[in-house]
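This is input-v4.pdb. It holds PDB, C-alpha atoms.
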```pdb
ATOM      1  CA  MET T 282     146.817 -80.157  72.792  1.00  0.00           C
ATOM      2  CA  LYS T 283     147.064 -79.309  76.432  1.00  0.00           C
ATOM      3  CA  ILE T 284     149.454 -80.084  79.209  1.00  0.00           C
ATOM      4  CA  ARG T 285     147.919 -82.766  81.402  1.00  0.00           C
ATOM      5  CA  LEU T 286     151.069 -83.884  83.166  1.00  0.00           C
ATOM      6  CA  THR T 287     154.613 -82.745  83.688  1.00  0.00           C
ATOM      7  CA  SER T 288     157.318 -84.283  85.815  1.00  0.00           C
ATOM      8  CA  VAL T 289     160.284 -83.734  88.060  1.00  0.00           C
ATOM      9  CA  PHE T 290     162.829 -86.428  88.885  1.00  0.00           C
ATOM     10  CA  VAL T 291     163.056 -87.072  92.616  1.00  0.00           C
ATOM     11  CA  ASP T 292     165.700 -88.929  94.610  1.00  0.00           C
ATOM     12  CA  ASP T 293     163.197 -90.553  96.957  1.00  0.00           C
ATOM     13  CA  GLN T 294     159.495 -90.692  96.163  1.00  0.00           C
ATOM     14  CA  SER T 295     158.300 -90.930  99.774  1.00  0.00           C
ATOM     15  CA  LYS T 296     160.405 -87.989 100.827  1.00  0.00           C
ATOM     16  CA  ALA T 297     159.302 -86.064  97.754  1.00  0.00           C
ATOM     17  CA  LEU T 298     155.649 -86.736  98.474  1.00  0.00           C
ATOM     18  CA  ARG T 299     156.077 -85.380 101.988  1.00  0.00           C
ATOM     19  CA  PHE T 300     157.792 -82.239 100.733  1.00  0.00           C
ATOM     20  CA  TYR T 301     155.353 -81.581  97.903  1.00  0.00           C
ATOM     21  CA  THR T 302     152.264 -82.143 100.076  1.00  0.00           C
ATOM     22  CA  GLU T 303     153.225 -81.125 103.613  1.00  0.00           C
ATOM     23  CA  ILE T 304     155.511 -78.211 102.770  1.00  0.00           C
ATOM     24  CA  LEU T 305     154.314 -76.988  99.380  1.00  0.00           C
ATOM     25  CA  GLY T 306     150.651 -77.863  99.940  1.00  0.00           C
ATOM     26  CA  PHE T 307     149.879 -79.998  96.885  1.00  0.00           C
ATOM     27  CA  VAL T 308     147.562 -83.001  97.216  1.00  0.00           C
ATOM     28  CA  THR T 309     148.123 -86.559  96.031  1.00  0.00           C
ATOM     29  CA  LYS T 310     146.261 -87.404  92.845  1.00  0.00           C
ATOM     30  CA  HIS T 311     147.568 -90.849  91.877  1.00  0.00           C
ATOM     31  CA  ASP T 312     149.715 -93.241  93.855  1.00  0.00           C
ATOM     32  CA  VAL T 313     150.017 -96.554  92.022  1.00  0.00           C
ATOM     33  CA  PRO T 314     152.758 -99.162  92.544  1.00  0.00           C
ATOM     34  CA  VAL T 315     154.886 -99.784  89.447  1.00  0.00           C
ATOM     35  CA  GLY T 316     157.463-102.556  89.448  1.00  0.00           C
ATOM     36  CA  GLU T 317     159.259-103.480  92.635  1.00  0.00           C
ATOM     37  CA  LYS T 318     159.491-100.198  94.484  1.00  0.00           C
ATOM     38  CA  ASP T 319     158.591 -97.384  92.128  1.00  0.00           C
ATOM     39  CA  ARG T 320     155.221 -95.644  92.121  1.00  0.00           C
ATOM     40  CA  TRP T 321     153.194 -93.675  89.606  1.00  0.00           C
ATOM     41  CA  LEU T 322     152.949 -90.761  91.955  1.00  0.00           C
ATOM     42  CA  THR T 323     151.320 -87.489  90.991  1.00  0.00           C
ATOM     43  CA  VAL T 324     150.230 -84.395  92.876  1.00  0.00           C
ATOM     44  CA  VAL T 325     147.929 -81.528  91.954  1.00  0.00           C
ATOM     45  CA  SER T 326     147.138 -78.114  93.318  1.00  0.00           C
ATOM     46  CA  PRO T 327     144.242 -78.115  95.800  1.00  0.00           C
ATOM     47  CA  ASP T 328     142.958 -75.100  93.848  1.00  0.00           C
ATOM     48  CA  GLU T 329     142.813 -77.138  90.637  1.00  0.00           C
ATOM     49  CA  PRO T 330     142.234 -80.814  91.469  1.00  0.00           C
ATOM     50  CA  GLU T 331     141.480 -81.520  87.810  1.00  0.00           C
ATOM     51  CA  GLY T 332     144.382 -79.402  86.620  1.00  0.00           C
ATOM     52  CA  THR T 333     147.883 -80.294  85.481  1.00  0.00           C
ATOM     53  CA  GLU T 334     149.419 -83.162  87.424  1.00  0.00           C
ATOM     54  CA  LEU T 335     153.011 -83.138  88.556  1.00  0.00           C
ATOM     55  CA  LEU T 336     154.633 -86.559  88.351  1.00  0.00           C
ATOM     56  CA  LEU T 337     157.235 -87.255  91.024  1.00  0.00           C
ATOM     57  CA  GLU T 338     159.348 -89.546  88.930  1.00  0.00           C
ATOM     58  CA  PRO T 339     162.141 -91.756  90.317  1.00  0.00           C
ATOM     59  CA  ALA T 340     165.569 -90.374  89.449  1.00  0.00           C
ATOM     60  CA  GLY T 341     167.133 -93.789  88.930  1.00  0.00           C
ATOM     61  CA  HIS T 342     168.302 -93.334  85.350  1.00  0.00           C
ATOM     62  CA  PRO T 343     172.082 -92.845  85.293  1.00  0.00           C
ATOM     63  CA  ALA T 344     171.819 -89.741  83.100  1.00  0.00           C
ATOM     64  CA  VAL T 345     169.678 -87.884  85.614  1.00  0.00           C
ATOM     65  CA  LYS T 346     172.376 -87.174  88.150  1.00  0.00           C
ATOM     66  CA  THR T 347     174.738 -85.505  85.678  1.00  0.00           C
ATOM     67  CA  TYR T 348     171.912 -83.507  84.172  1.00  0.00           C
ATOM     68  CA  ARG T 349     170.494 -82.293  87.464  1.00  0.00           C
ATOM     69  CA  ASP T 350     173.821 -81.612  89.178  1.00  0.00           C
ATOM     70  CA  ALA T 351     174.855 -79.325  86.326  1.00  0.00           C
ATOM     71  CA  LEU T 352     171.572 -77.415  86.406  1.00  0.00           C
ATOM     72  CA  VAL T 353     171.459 -77.111  90.189  1.00  0.00           C
ATOM     73  CA  MET T 354     175.039 -75.821  90.267  1.00  0.00           C
ATOM     74  CA  ASP T 355     174.048 -72.969  87.956  1.00  0.00           C
ATOM     75  CA  GLY T 356     170.806 -72.333  89.838  1.00  0.00           C
ATOM     76  CA  VAL T 357     168.491 -73.350  87.002  1.00  0.00           C
ATOM     77  CA  PRO T 358     164.980 -74.303  88.132  1.00  0.00           C
ATOM     78  CA  LEU T 359     163.281 -77.354  86.616  1.00  0.00           C
ATOM     79  CA  ALA T 360     159.714 -76.195  87.145  1.00  0.00           C
ATOM     80  CA  GLN T 361     157.828 -73.030  87.896  1.00  0.00           C
ATOM     81  CA  PHE T 362     154.799 -72.814  90.159  1.00  0.00           C
ATOM     82  CA  ALA T 363     152.480 -69.822  90.312  1.00  0.00           C
ATOM     83  CA  VAL T 364     151.795 -68.222  93.682  1.00  0.00           C
ATOM     84  CA  ALA T 365     149.689 -65.212  94.655  1.00  0.00           C
ATOM     85  CA  ASP T 366     152.543 -63.460  96.449  1.00  0.00           C
ATOM     86  CA  VAL T 367     156.140 -64.618  96.068  1.00  0.00           C
ATOM     87  CA  ARG T 368     157.384 -62.713  99.087  1.00  0.00           C
ATOM     88  CA  ALA T 369     154.695 -64.102 101.397  1.00  0.00           C
ATOM     89  CA  GLU T 370     155.369 -67.621 100.096  1.00  0.00           C
ATOM     90  CA  TYR T 371     159.113 -67.061 100.523  1.00  0.00           C
ATOM     91  CA  ASP T 372     158.569 -66.100 104.168  1.00  0.00           C
ATOM     92  CA  ARG T 373     156.242 -69.053 104.771  1.00  0.00           C
ATOM     93  CA  LEU T 374     158.594 -71.606 103.193  1.00  0.00           C
ATOM     94  CA  ARG T 375     161.675 -70.149 104.868  1.00  0.00           C
ATOM     95  CA  GLY T 376     159.830 -70.546 108.153  1.00  0.00           C
ATOM     96  CA  LEU T 377     159.447 -74.241 107.321  1.00  0.00           C
ATOM     97  CA  GLY T 378     163.185 -74.588 106.718  1.00  0.00           C
ATOM     98  CA  VAL T 379     163.161 -74.439 102.912  1.00  0.00           C
ATOM     99  CA  HIS T 380     166.442 -73.260 101.397  1.00  0.00           C
ATOM    100  CA  PHE T 381     166.321 -70.610  98.674  1.00  0.00           C
ATOM    101  CA  THR T 382     169.062 -70.114  96.082  1.00  0.00           C
ATOM    102  CA  GLN T 383     167.428 -66.924  94.811  1.00  0.00           C
ATOM    103  CA  GLU T 384     165.593 -64.503  97.020  1.00  0.00           C
ATOM    104  CA  PRO T 385     162.463 -62.780  95.739  1.00  0.00           C
ATOM    105  CA  LEU T 386     163.448 -60.661  92.767  1.00  0.00           C
ATOM    106  CA  GLU T 387     161.270 -58.141  90.991  1.00  0.00           C
ATOM    107  CA  MET T 388     161.873 -58.176  87.276  1.00  0.00           C
ATOM    108  CA  GLY T 389     159.435 -55.709  85.818  1.00  0.00           C
ATOM    109  CA  PRO T 390     155.944 -57.000  86.474  1.00  0.00           C
ATOM    110  CA  VAL T 391     157.116 -60.510  87.423  1.00  0.00           C
ATOM    111  CA  THR T 392     158.510 -61.510  90.800  1.00  0.00           C
ATOM    112  CA  THR T 393     160.344 -64.811  91.165  1.00  0.00           C
ATOM    113  CA  ALA T 394     162.302 -66.792  93.723  1.00  0.00           C
ATOM    114  CA  VAL T 395     164.052 -70.179  93.545  1.00  0.00           C
ATOM    115  CA  PHE T 396     164.215 -72.888  96.215  1.00  0.00           C
ATOM    116  CA  ASP T 397     165.598 -76.395  96.676  1.00  0.00           C
ATOM    117  CA  ASP T 398     162.930 -79.102  96.795  1.00  0.00           C
ATOM    118  CA  THR T 399     165.224 -81.393  98.882  1.00  0.00           C
ATOM    119  CA  CYS T 400     164.740 -84.144  96.276  1.00  0.00           C
ATOM    120  CA  GLY T 401     167.362 -82.967  93.802  1.00  0.00           C
ATOM    121  CA  ASN T 402     165.701 -80.042  92.024  1.00  0.00           C
ATOM    122  CA  LEU T 403     165.465 -76.301  92.106  1.00  0.00           C
ATOM    123  CA  ILE T 404     161.933 -74.939  91.760  1.00  0.00           C
ATOM    124  CA  GLN T 405     160.924 -71.412  90.838  1.00  0.00           C
ATOM    125  CA  ILE T 406     157.889 -69.674  92.240  1.00  0.00           C
ATOM    126  CA  ALA T 407     156.494 -66.716  90.360  1.00  0.00           C
ATOM    127  CA  THR T 408     153.839 -64.088  90.703  1.00  0.00           C
ATOM    128  CA  GLN T 409     152.576 -62.609  87.491  1.00  0.00           C
ATOM    129  CA  PRO T 410     150.102 -59.800  87.151  1.00  0.00           C
ATOM    130  CA  GLU T 411     146.625 -61.008  86.194  1.00  0.00           C
TER
ATOM    131  CA  MET G 198     196.614 -57.735  86.677  1.00  0.00           C
ATOM    132  CA  ALA G 199     195.739 -54.117  85.922  1.00  0.00           C
ATOM    133  CA  GLU G 200     195.273 -55.051  82.267  1.00  0.00           C
ATOM    134  CA  ASP G 201     192.708 -57.678  83.318  1.00  0.00           C
ATOM    135  CA  LEU G 202     190.903 -55.077  85.401  1.00  0.00           C
ATOM    136  CA  PHE G 203     190.632 -52.499  82.632  1.00  0.00           C
ATOM    137  CA  LYS G 204     189.614 -55.118  80.129  1.00  0.00           C
ATOM    138  CA  ALA G 205     186.892 -56.342  82.486  1.00  0.00           C
ATOM    139  CA  LEU G 206     185.526 -52.837  83.055  1.00  0.00           C
ATOM    140  CA  ALA G 207     185.578 -51.895  79.389  1.00  0.00           C
ATOM    141  CA  ASP G 208     182.478 -53.909  78.509  1.00  0.00           C
ATOM    142  CA  PRO G 209     179.028 -52.488  79.326  1.00  0.00           C
ATOM    143  CA  THR G 210     177.479 -55.909  79.964  1.00  0.00           C
ATOM    144  CA  ARG G 211     180.190 -56.697  82.484  1.00  0.00           C
ATOM    145  CA  ARG G 212     179.601 -53.364  84.193  1.00  0.00           C
ATOM    146  CA  THR G 213     175.907 -54.227  84.407  1.00  0.00           C
ATOM    147  CA  ILE G 214     176.773 -57.592  85.976  1.00  0.00           C
ATOM    148  CA  LEU G 215     178.845 -55.729  88.578  1.00  0.00           C
ATOM    149  CA  ASP G 216     175.910 -53.365  89.214  1.00  0.00           C
ATOM    150  CA  GLU G 217     173.594 -56.303  89.816  1.00  0.00           C
ATOM    151  CA  LEU G 218     176.074 -58.030  92.108  1.00  0.00           C
ATOM    152  CA  THR G 219     176.361 -54.762  94.036  1.00  0.00           C
ATOM    153  CA  GLU G 220     172.622 -54.879  94.587  1.00  0.00           C
ATOM    154  CA  GLN G 221     172.669 -58.518  95.678  1.00  0.00           C
ATOM    155  CA  SER G 222     175.808 -60.511  96.302  1.00  0.00           C
ATOM    156  CA  GLY G 223     175.807 -64.289  96.048  1.00  0.00           C
ATOM    157  CA  GLN G 224     173.947 -64.973  92.821  1.00  0.00           C
ATOM    158  CA  THR G 225     173.694 -68.124  90.753  1.00  0.00           C
ATOM    159  CA  LEU G 226     174.406 -67.997  87.039  1.00  0.00           C
ATOM    160  CA  PHE G 227     170.668 -68.369  86.495  1.00  0.00           C
ATOM    161  CA  GLU G 228     169.876 -65.305  88.595  1.00  0.00           C
ATOM    162  CA  ILE G 229     172.492 -63.189  86.809  1.00  0.00           C
ATOM    163  CA  CYS G 230     171.076 -64.265  83.429  1.00  0.00           C
ATOM    164  CA  SER G 231     167.535 -63.510  84.603  1.00  0.00           C
ATOM    165  CA  ARG G 232     168.521 -60.045  85.784  1.00  0.00           C
ATOM    166  CA  LEU G 233     170.287 -59.223  82.525  1.00  0.00           C
ATOM    167  CA  SER G 234     167.395 -60.331  80.361  1.00  0.00           C
ATOM    168  CA  MET G 235     164.439 -59.194  82.460  1.00  0.00           C
ATOM    169  CA  LYS G 236     165.776 -56.005  84.040  1.00  0.00           C
ATOM    170  CA  HIS G 237     168.120 -54.846  81.310  1.00  0.00           C
ATOM    171  CA  GLN G 238     166.622 -56.436  78.183  1.00  0.00           C
ATOM    172  CA  LEU G 239     170.038 -57.806  77.290  1.00  0.00           C
ATOM    173  CA  ALA G 240     169.656 -60.680  74.862  1.00  0.00           C
ATOM    174  CA  ILE G 241     172.662 -62.739  75.783  1.00  0.00           C
ATOM    175  CA  SER G 242     173.064 -66.490  76.032  1.00  0.00           C
ATOM    176  CA  ARG G 243     173.873 -68.273  79.250  1.00  0.00           C
ATOM    177  CA  GLN G 244     177.186 -69.236  77.723  1.00  0.00           C
ATOM    178  CA  GLY G 245     177.864 -65.592  76.904  1.00  0.00           C
ATOM    179  CA  VAL G 246     177.179 -64.604  80.500  1.00  0.00           C
ATOM    180  CA  SER G 247     179.516 -67.382  81.648  1.00  0.00           C
ATOM    181  CA  GLN G 248     182.267 -65.957  79.470  1.00  0.00           C
ATOM    182  CA  HIS G 249     181.728 -62.459  80.870  1.00  0.00           C
ATOM    183  CA  LEU G 250     181.882 -63.881  84.382  1.00  0.00           C
ATOM    184  CA  ALA G 251     185.163 -65.614  83.548  1.00  0.00           C
ATOM    185  CA  VAL G 252     186.660 -62.263  82.505  1.00  0.00           C
ATOM    186  CA  LEU G 253     185.403 -60.621  85.703  1.00  0.00           C
ATOM    187  CA  GLU G 254     186.800 -63.514  87.712  1.00  0.00           C
ATOM    188  CA  ALA G 255     190.204 -63.194  86.024  1.00  0.00           C
ATOM    189  CA  ALA G 256     190.231 -59.547  87.115  1.00  0.00           C
ATOM    190  CA  GLY G 257     189.368 -60.572  90.678  1.00  0.00           C
ATOM    191  CA  LEU G 258     186.125 -58.568  90.595  1.00  0.00           C
ATOM    192  CA  VAL G 259     183.942 -61.667  90.880  1.00  0.00           C
ATOM    193  CA  GLU G 260     184.618 -64.621  93.110  1.00  0.00           C
ATOM    194  CA  THR G 261     182.794 -67.912  92.967  1.00  0.00           C
ATOM    195  CA  ARG G 262     181.899 -70.041  95.922  1.00  0.00           C
ATOM    196  CA  ARG G 263     180.518 -73.557  96.051  1.00  0.00           C
ATOM    197  CA  GLU G 264     177.926 -74.049  98.737  1.00  0.00           C
ATOM    198  CA  GLY G 265     176.701 -77.621  98.761  1.00  0.00           C
ATOM    199  CA  ARG G 266     175.342 -78.333  95.293  1.00  0.00           C
ATOM    200  CA  TYR G 267     175.081 -74.678  94.273  1.00  0.00           C
ATOM    201  CA  LYS G 268     177.600 -72.204  92.956  1.00  0.00           C
ATOM    202  CA  PHE G 269     177.302 -68.528  93.822  1.00  0.00           C
ATOM    203  CA  HIS G 270     179.031 -65.445  92.454  1.00  0.00           C
ATOM    204  CA  ASP G 271     180.141 -62.689  94.809  1.00  0.00           C
ATOM    205  CA  LEU G 272     181.406 -59.202  94.093  1.00  0.00           C
ATOM    206  CA  ASN G 273     184.895 -58.212  95.208  1.00  0.00           C
ATOM    207  CA  THR G 274     185.628 -54.516  94.729  1.00  0.00           C
ATOM    208  CA  ALA G 275     189.167 -54.727  96.150  1.00  0.00           C
ATOM    209  CA  PRO G 276     190.887 -54.723  92.719  1.00  0.00           C
ATOM    210  CA  LEU G 277     189.311 -51.310  92.008  1.00  0.00           C
ATOM    211  CA  ARG G 278     191.699 -49.830  94.536  1.00  0.00           C
ATOM    212  CA  GLN G 279     194.427 -50.066  91.896  1.00  0.00           C
ATOM    213  CA  ILE G 280     192.678 -47.259  90.047  1.00  0.00           C
ATOM    214  CA  THR G 281     192.833 -44.736  92.864  1.00  0.00           C
ATOM    215  CA  GLU G 282     196.328 -45.860  93.824  1.00  0.00           C
ATOM    216  CA  ARG G 283     197.497 -45.151  90.288  1.00  0.00           C
ATOM    217  CA  TRP G 284     195.492 -41.955  89.878  1.00  0.00           C
ATOM    218  CA  PRO G 285     194.830 -40.675  93.402  1.00  0.00           C
ATOM    219  CA  LEU G 286     191.641 -38.735  94.056  1.00  0.00           C
ATOM    220  CA  ARG G 287     192.219 -35.098  94.850  1.00  0.00           C
ATOM    221  CA  ASP G 288     191.399 -34.146  98.382  1.00  0.00           C
ATOM    222  CA  LEU G 289     188.177 -32.212  98.017  1.00  0.00           C
ATOM    223  CA  THR G 290     187.883 -31.041 101.594  1.00  0.00           C
ATOM    224  CA  GLY G 291     188.113 -27.356 102.276  1.00  0.00           C
ATOM    225  CA  PRO G 292     186.164 -24.728 100.365  1.00  0.00           C
ATOM    226  CA  LYS G 293     183.247 -26.354  98.686  1.00  0.00           C
ATOM    227  CA  GLU G 294     183.715 -26.710  94.971  1.00  0.00           C
ATOM    228  CA  SER G 295     181.171 -28.279  92.781  1.00  0.00           C
ATOM    229  CA  THR G 296     182.546 -30.299  89.942  1.00  0.00           C
ATOM    230  CA  PRO G 297     180.017 -31.525  87.449  1.00  0.00           C
TER
END
```
Write the structure described by the file as structure tokens, please.
Amino acid sequence: MKIRLTSVFVDDQSKALRFYTEILGFVTKHDVPVGEKDRWLTVVSPDEPEGTELLLEPAGHPAVKTYRDALVMDGVPLAQFAVADVRAEYDRLRGLGVHFTQEPLEMGPVTTAVFDDTCGNLIQIATQPE
Amino acid sequence: MAEDLFKALADPTRRTILDELTEQSGQTLFEICSRLSMKHQLAISRQGVSQHLAVLEAAGLVETRREGRYKFHDLNTAPLRQITERWPLRDLTGPKESTP
């Protein structure tokens, strides 16, 4: 088994696509209309175009709001992305207006930070030693 | 009130939480849990940390603040003043004495 796809619920797929591509730097992999207004919308890392896809899934289900609000209130991230240097990425994203709920934090060999993806989720970035 | 303070300070995990909030004020529950597990190797559930925070909050040592959709925990050291008001520190000015 391997992880081909994972997902985050997003409030607005168009807005999410802009944030995940223009701010975070992912590239669109699939963008297929589904139903009236929803899309099968996935992004991948430009470093790994054949790698794991992230599905930007519409957050329309009534259970999603309760679930996400509770997690966001406690600062719990829904996904973790690997970056070469958390602090450099923190500075870059802050410069683009991204709001962090946890500043870069060294925890032994791992450094992490947590930001708001503007679409309803908190996302963690992490640098791990090779 | 003083009882709440001494009870809050009696537990080593709660003292560690205060140490971490001294280093960085304004932490989410997630960050506090991460610090306890990753920096201090404390195996404690999120619910357990929540309960410790409730005790610290009752003592006035931790204050919570809602900012938009997030909730942050801040340190408030003001209640500690009760300790030195009850047992004043000796004035150590004058001839230098070293007390271990």
Per residue of chain T within 6 Å of chain G, what are the shortest atom pair and its distance in Å to one decimal, counting only C-alpha atoms, with rows by chain and residue number, as JSON lines?
```
{"residue": "T:Val353", "atom": "CA", "partner": "G:Tyr267", "partner_atom": "CA", "distance": 6.0}
{"residue": "T:Met354", "atom": "CA", "partner": "G:Tyr267", "partner_atom": "CA", "distance": 4.2}
{"residue": "T:Asp355", "atom": "CA", "partner": "G:Leu226", "partner_atom": "CA", "distance": 5.1}
{"residue": "T:Gly356", "atom": "CA", "partner": "G:Thr225", "partner_atom": "CA", "distance": 5.2}
{"residue": "T:Val357", "atom": "CA", "partner": "G:Phe227", "partner_atom": "CA", "distance": 5.5}
{"residue": "T:Met388", "atom": "CA", "partner": "G:Lys236", "partner_atom": "CA", "distance": 5.5}
```
Written file, previous selection with C-alpha atoms, as a tab-separated table (two decimals), in the coordinates of the input:
```tsv
chain	number	residue	atom	x	y	z
T	353	VAL	CA	171.46	-77.11	90.19
T	354	MET	CA	175.04	-75.82	90.27
T	355	ASP	CA	174.05	-72.97	87.96
T	356	GLY	CA	170.81	-72.33	89.84
T	357	VAL	CA	168.49	-73.35	87.00
T	388	MET	CA	161.87	-58.18	87.28
```
Out of G:Trp284, G:Glu260, G:Gln279, G:Leu272, which residue has the shortest atom-to-atom distance to Arg212 (chain G) when counting only C-alpha atoms? G:Leu272
Give as a VMD selection string the residues that the PyMOL selection byres ((chain T and resi 341-348) around 10) matches when applied to the coordinates above. chain T and resid 290 to 293 319 338 to 340 349 to 353 401
Just the residues within 10 Å of region 330-337 of chain T, please, counting all atoms listed in the file, with nothing from its chain fewer than 4 positions along; format it as a PyMOL selection string. chain T and resi 283-295+297-298+301+307-312+320-326+360+400
Proximity to Leu386 (chain T) - best of T:Leu305, T:Lys318, T:Ala365, T:Ile406, only C-alpha atoms: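 Of all the options, T:Ile406 lies closest to Leu386 (chain T).
You can rank T:Asp372, T:Glu317, T:Asp397, T:Asp366 by their closest distance to Gln409 (chain T) using all atoms listed in the file, and at the top of that list sits T:Asp366.
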How big is the axis-aligned box, and where does its centre sit, when it encloses all atoms of region 256-263 of chain G listed in the file and has 4 Å added on every side, reported in Å to one decimal as lines of an AutoDock Vina configuration file?
```
center_x = 185.4
center_y = -66.1
center_z = 91.6
size_x = 17.7
size_y = 23.0
size_z = 16.9
```
What's the separation between CA of Leu258 (chain G) and CA of Ala394 (chain T), in Å to one decimal place?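 CA of Ala394 (chain T) lies 25.4 Å from CA of Leu258 (chain G).
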Separation of CA of Phe300 (chain T) and CA of Val391 (chain T), in Å? 25.5 Å
So what do you get for CA of Glu254 (chain G) versus CA of Thr210 (chain G), distance-wise?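 So the answer is 14.3 Å.
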Applying 8 Å and all atoms listed in the file, which residues near Ala256 (chain G) remain after dropping the ones on its own chain fewer than 5 positions away? List them as a ChimeraX atom specification. /G:198-199,201-202,205,276
If you count only C-alpha atoms, which residues fall within 12 Å of Arg211 (chain G), apart from same-chain ones fewer than 4 positions away, as a VMD selection string? chain G and resid 202 to 207 215 to 218 229 to 230 233 239 241 245 to 254 256 258 to 259 272
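A search radius of 6 Å centred on (167.7, -67.5, 95.7), applied to only C-alpha atoms, returns the residues Phe381, Thr382, Gln383, Glu384, Ala394 and Val395 of chain T.
Of the residues under consideration (T:Pro390, T:Pro327, T:Gly316, T:Gly306), T:Pro390 shows the shortest atom-to-atom contact distance to Ala407 (chain T) when counting only C-alpha atoms.
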To verify the selection step, state as a VMD selection string which residues the PyMOL selection byres ((chain T and resi 379) around 9) yields on this input. chain T and resid 304 371 373 to 378 380 to 381 396 to 399
